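The next block holds one structure in the form of structure tokens; read it before the comments.
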Amino acid sequence: MNPENKTLLEVRDLKVHYGSRGGLFGGGTVVKAVDGISFSVAAGETVGLVGESGSGKTTVGRAIIKLAPVTSGVVLWEGRDVVSALTDSEFRPYRKHIQMIFQDPYGSLNPRLTVEAIVGEALEIHFPELSASERRARVAELLHQVDLKPDHARRYPHEFSGGQRQRIGIARALAVNPRLIICDEPVSALDVSVQAQIINLLQDLQEKLGLAYLFIGHDLGVVEHISSRVLVMNGGKIVESGSCEEIYRNPKDDYTKRLLAAVPEL
Amino acid sequence: MSALQNILIFAGAAFVVIACGLFWRSERWQRARARFQGDRVGIISLLIVVFYGLVGLMDSVQLSAHGKEMSMIEYMFRNTPNERGYSAPYADTTYAVNRPEPLKGRHWFGTDVLGRDVLVQTLRACRTALIIGGLTSFIYIPLGTIFGIAAGYYKRWVDDVIQYVYSTLACVPGILLLIAIIMVLENVNIPLWNGDTIQIPRLVQMSLALGITSWVGLCRLIRGDTLRQVERPYVEAARALGQSNWNIITRHILPNVMHLVLINFVLGFSGLVMSEAILSYIGIGAPVGTASWGTMIDSARMELAREPAVWWNFTAAAGALFFLVLSLNLLGDSLRRAFDPRASGK
């Protein structure tokens, strides 16, 4: 088997249900944010996950890295169930392999920490053996990888533009040498011109480092551009999946058709 | 009895110095210091606060002079005579309409009903204010902050338990609770190493009681803000990295709720000093003879009603309190700006 095609992540029948406690006279309601989805991501590939707001796509990303509680189903990392079977501390080593880039570049960086502290935090947790100077050098290297200058390390997040902040977020995710990055709408809060830069950066990094992406987005154009396979989500379920070509040229599901029809044409 | 108070005051001062010394070299403090140095208002406020602190410390240092124990402040003003009653600032005679008597000396701020120099009283009251305000803050701020963050961060049963506790505390009228706690503390005897026992000093009793009753407001505030912070993506990002709960709380949440602590401390300080007057009024305040601004302001109700009014007693105490609170307020604001990287550009 070509190592390039080795399955890294496999999600089987994943369910994330949020229940509200019932009152005195009534039962609680259950919100099925994710309702039995299955898919896999191979090493080095990009899988797009699209759907409208509230379709559950972000919850899938959060459940994979144990940020959202899994109701049932399994998440396998290289064949081993890592999410439901492991406690938080047992799962910690796997966080090195799976990282996340967040949607909001303004909110995802602590305003009171310097860039060095933000990016270095990941190194402190997963590479505690590094000395302060080694850590500083690694942060500079990471900043260089995302096209920022090493002297940016001493600045605070508010001194950067949205695109630069997203680069800092990417550097933080890269710090632990992950093999899969969950990109949770990483460009939706950015200007169109900056979106292209970030997407290109992600693609360059993928080529260089052999990363796999689970790219969550609602902008079908962006997802099509970056992904090799696309999963379409609606109401917590995957309604259609296939290669970009199949989904975009010949959608089968009504929801996918409507989603594609809703793309504004310029 | 005052020995324990002196120890506490020095322990407090030592704590501040050690804490500053520990953080002095950290990069965050270095940057904050650089920003603070450019803030003239901040520096003046700091000097004023340090002055109050020094006065408080000087009144805590006991000297043996002229055959009796006296504080440094008393020693400095040992030549200031006691008069026979009220006298206006810098007056020649007592403030009696019918039979004014010549004074033994000049009093810049006048004298009070017992003929004591108001300036000395005002200076000596610094110590009371700093003990009440400082020690109480030292008790209630950690309580409110720790419980508030714990409730907001861990949610679920931790939040439930903390909410039950503070809701229950908040249900009991504050003054009744204060009386109850002080009455209990009055009967607590602390055994000493030599077999003796000592009572908790009254000012410490008051601080403990005020501390136990004052944390609820801060706790609610911190809990609310923590609930907001926990949902912020940077906390989520720290979790995604596998950061421990302790580090998330200390690195990400605490610095982002610290401004509330600072504001609460500054605004609460004057309230605490004034509550000393209320406690004195119901008979569980500072021991008789202890100089305090609260008592001075409280007694002004009678003095201002006199004809002609005795205003200097009130003015001196209120002025001293005003300058302390104003300086603390401005200093708090400057510190917040110095430590907030976003405020660096003003």
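For the structure tokens, the naming scheme is as follows: chains receive sequential letters (A, B, ...) according to their order of presentation, residues are indexed from 1 within each chain, and ligands are indexed from 1 in presentation order.
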
Find the residues of chain A that sit at most 8 Å from chain B; for each, write down the nearest two atoms and how far apart they are in Å, to one decimal. Count only C-alpha atoms. Sort by chain, then by number going up, and give it as a tab-separated table.
```
residue	atom	partner	partner_atom	distance
A:Ile65	CA	B:Ala240	CA	6.6
A:Lys66	CA	B:Ala240	CA	7.9
A:Leu67	CA	B:Ala240	CA	7.0
A:Arg92	CA	B:Gly242	CA	5.5
A:Arg95	CA	B:Leu241	CA	6.1
A:Lys96	CA	B:Leu241	CA	7.5
A:Gln99	CA	B:Ala240	CA	6.8
A:Met100	CA	B:Ala240	CA	7.0
A:Phe102	CA	B:Pro233	CA	7.3
A:Asp104	CA	B:Pro233	CA	7.3
A:Gly107	CA	B:Pro233	CA	5.5
A:Ser108	CA	B:Tyr234	CA	4.0
A:Leu109	CA	B:Tyr234	CA	5.1
A:Asn110	CA	B:Tyr234	CA	5.6
A:Pro111	CA	B:Arg342	CA	7.4
A:Arg112	CA	B:Pro341	CA	6.3
A:Ala122	CA	B:Leu241	CA	6.0
A:Ile125	CA	B:Gln243	CA	6.6
A:Tyr156	CA	B:Pro341	CA	6.8
A:His158	CA	B:Arg342	CA	6.4
```

Fill in: Residue list (alpha helix (DSSP H), DSSP) for range 197-252 of chain B, as a ChimeraX atom specification
/B:202-230,233-241,245-247

Residue selection dump (C-alpha atoms) as a tab-separated table (two decimals), in the first residue's frame:
```tsv
chain	number	residue	atom	x	y	z
B	202	ARG	CA	-10.57	43.63	66.49
B	203	LEU	CA	-9.36	45.11	63.21
B	204	VAL	CA	-8.46	41.62	61.98
B	205	GLN	CA	-11.85	40.32	63.16
B	206	MET	CA	-13.51	43.08	61.18
B	207	SER	CA	-11.40	42.37	58.10
B	208	LEU	CA	-12.18	38.66	58.29
B	209	ALA	CA	-15.89	39.33	58.67
B	210	LEU	CA	-15.92	41.88	55.85
B	211	GLY	CA	-13.82	39.54	53.70
B	212	ILE	CA	-16.22	36.64	54.23
B	213	THR	CA	-19.22	38.81	53.33
B	214	SER	CA	-17.71	40.83	50.46
B	215	TRP	CA	-16.63	38.21	47.94
B	216	VAL	CA	-20.06	37.44	46.53
B	217	GLY	CA	-20.26	40.43	44.18
B	218	LEU	CA	-16.79	39.83	42.75
B	219	CYS	CA	-17.44	36.10	42.46
B	220	ARG	CA	-20.63	36.70	40.44
B	221	LEU	CA	-18.81	39.13	38.17
B	222	ILE	CA	-15.84	36.82	37.61
B	223	ARG	CA	-18.08	33.80	37.09
B	224	GLY	CA	-20.03	35.65	34.39
B	225	ASP	CA	-16.90	36.81	32.61
B	226	THR	CA	-15.26	33.39	32.88
B	227	LEU	CA	-18.33	31.80	31.30
B	228	ARG	CA	-17.79	34.23	28.41
B	229	GLN	CA	-14.03	33.67	28.22
B	230	VAL	CA	-14.34	29.87	28.24
B	233	PRO	CA	-11.81	30.47	20.52
B	234	TYR	CA	-8.40	30.99	22.14
B	235	VAL	CA	-9.45	28.88	25.12
B	236	GLU	CA	-10.74	26.29	22.67
B	237	ALA	CA	-7.40	26.49	20.83
B	238	ALA	CA	-5.52	25.90	24.10
B	239	ARG	CA	-7.73	22.87	24.76
B	240	ALA	CA	-7.08	21.60	21.26
B	241	LEU	CA	-3.37	21.80	22.00
B	245	ASN	CA	-6.99	23.10	33.00
B	246	TRP	CA	-4.65	24.84	35.45
B	247	ASN	CA	-2.63	26.42	32.65
```

Fill in: For CA of Val16 in chain A and CA of Phe39 in chain A, the interatomic separation in Å (one decimal)
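Calculated distance between CA of Val16 in chain A and CA of Phe39 in chain A is 15.1 Å.
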
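Going from CA of Gly236 in chain A to CA of Val30 in chain A covers 12.7 Å.
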
Item to complete: Could you give me the residues within range 158-261 of chain B that DSSP places in strand (DSSP E), as a VMD selection string?
Response: chain B and resid 189 to 191 197 to 199

Item to complete: Please provide the set of residues having any atom within 7 Å of range 302-317 of chain B, restricted to only C-alpha atoms, with same-chain residues fewer than 6 positions apart removed, written as a PyMOL selection string.
Response: chain B and resi 109-110+112+118+122+293+296

Worksheet item: Residues at most 7 Å from range 125-134 of chain B, counting only C-alpha atoms, excluding those fewer than 2 positions away in the same chain, as an NGL selection string?
Response: :B and (52 or 55-56 or 59 or 121-123 or 136-138 or 203 or 207 or 269 or 272-273 or 291-293)

Grab the residues selected above and save them as an mmCIF file, in the first residue's frame with C-alpha atoms.
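Okay, this is what ended up in again_29.cif:
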```
data_model
loop_
_atom_site.group_PDB
_atom_site.id
_atom_site.type_symbol
_atom_site.label_atom_id
_atom_site.label_comp_id
_atom_site.auth_asym_id
_atom_site.auth_seq_id
_atom_site.Cartn_x
_atom_site.Cartn_y
_atom_site.Cartn_z
ATOM 1 C CA TYR B 52 -0.143 56.414 52.529
ATOM 2 C CA VAL B 55 2.389 56.518 56.969
ATOM 3 C CA GLY B 56 0.501 53.312 57.809
ATOM 4 C CA ASP B 59 2.162 54.089 62.719
ATOM 5 C CA GLN B 121 -5.715 61.586 63.925
ATOM 6 C CA THR B 122 -5.968 61.672 60.138
ATOM 7 C CA LEU B 123 -2.463 60.319 59.680
ATOM 8 C CA THR B 136 -10.190 42.600 53.645
ATOM 9 C CA SER B 137 -9.253 42.863 49.965
ATOM 10 C CA PHE B 138 -6.526 40.320 50.580
ATOM 11 C CA LEU B 203 -9.360 45.105 63.215
ATOM 12 C CA SER B 207 -11.400 42.366 58.104
ATOM 13 C CA PHE B 269 -11.755 50.013 48.991
ATOM 14 C CA LEU B 272 -14.673 48.955 53.132
ATOM 15 C CA VAL B 273 -13.192 51.965 54.939
ATOM 16 C CA ALA B 291 -8.119 56.634 64.917
ATOM 17 C CA SER B 292 -10.219 55.926 61.849
ATOM 18 C CA TRP B 293 -11.578 58.010 59.009
#
```

Worksheet item: Could you name the residues that touch Val41 in chain A at 8 Å or less, counting only C-alpha atoms, but leaving out those on the same chain fewer than 6 positions away, as a ChimeraX atom specification?
Response: /A:7-10,47,212-214

Those residues with C-alpha atoms, as a PDB file, in the first residue's frame please?
```
ATOM      1  CA  THR A   7      -5.911   6.092   6.144  1.00  0.00           C
ATOM      2  CA  LEU A   8      -5.110   8.390   9.027  1.00  0.00           C
ATOM      3  CA  LEU A   9      -8.497   9.219  10.366  1.00  0.00           C
ATOM      4  CA  GLU A  10     -11.630   7.196  10.156  1.00  0.00           C
ATOM      5  CA  VAL A  47     -11.308  16.313   2.409  1.00  0.00           C
ATOM      6  CA  ALA A 212      -3.805  16.002   5.471  1.00  0.00           C
ATOM      7  CA  TYR A 213      -6.631  18.521   5.831  1.00  0.00           C
ATOM      8  CA  LEU A 214     -10.215  18.185   6.851  1.00  0.00           C
TER       9      LEU A 214
END
```

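Between CA of Leu119 in chain B and CA of Leu135 in chain B there is a distance of 24.3 Å.
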
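Using only C-alpha atoms, the smallest distance between any of A:Asp204, A:Asp151, A:Asp219, A:Glu240 and Asp184 in chain A comes from A:Asp219.
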
Discussion item. Applying 12 Å and only C-alpha atoms, which residues near Gln164 in chain A remain after dropping the ones on its own chain fewer than 5 positions away? List them as number ranges by chain.
Written reply: A: 105-106, 109, 115, 143, 146-149, 152, 155-159, 169-171, 187, 190-191, 194-195, 197-198, 201

Item to complete: Could you tell me which of B:Ile141, B:Val41, B:Ile73, B:Leu267 comes closest to Met58 in chain B if we count only C-alpha atoms?
Response: B:Ile73

Excluding same-chain residues fewer than 3 positions from range 321-328 of chain B, what lies within 7 Å of it counting only C-alpha atoms, as a short mmCIF file (atom, residue, chain, number, x, y, z; two decimals) with N, CA and C atoms, in the first residue's frame?
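Output below, filename selection.cif:
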```cif
data_model
loop_
_atom_site.label_atom_id
_atom_site.label_comp_id
_atom_site.auth_asym_id
_atom_site.auth_seq_id
_atom_site.Cartn_x
_atom_site.Cartn_y
_atom_site.Cartn_z
N SER B 45 0.17 58.89 41.16
CA SER B 45 -0.75 58.10 41.98
C SER B 45 0.01 57.07 42.80
N ILE B 48 1.62 58.71 45.73
CA ILE B 48 0.65 59.03 46.79
C ILE B 48 0.29 57.76 47.57
N VAL B 49 0.03 56.68 46.83
CA VAL B 49 -0.33 55.42 47.50
C VAL B 49 0.83 54.94 48.38
N VAL B 266 -10.50 48.62 43.65
CA VAL B 266 -10.44 50.08 43.82
C VAL B 266 -11.78 50.62 44.27
N SER B 270 -12.98 52.11 49.22
CA SER B 270 -13.59 53.19 50.01
C SER B 270 -14.80 52.65 50.76
N ALA B 317 -10.74 63.94 57.20
CA ALA B 317 -10.91 62.49 57.01
C ALA B 317 -11.39 62.21 55.59
N ALA B 318 -12.40 62.97 55.16
CA ALA B 318 -12.95 62.73 53.81
C ALA B 318 -11.89 63.04 52.76
N LEU B 331 -4.24 54.79 39.81
CA LEU B 331 -3.15 53.82 39.73
C LEU B 331 -3.66 52.52 39.11
N GLY B 332 -4.86 52.12 39.54
CA GLY B 332 -5.47 50.91 38.98
C GLY B 332 -5.62 51.03 37.48
#
```

Fill in: Nearest candidate to Ala85 in chain A (options A:Ile98, A:Ser188, A:His218, A:Val70; using only C-alpha atoms)
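Using only C-alpha atoms, Ala85 in chain A sits closest to A:Val70.
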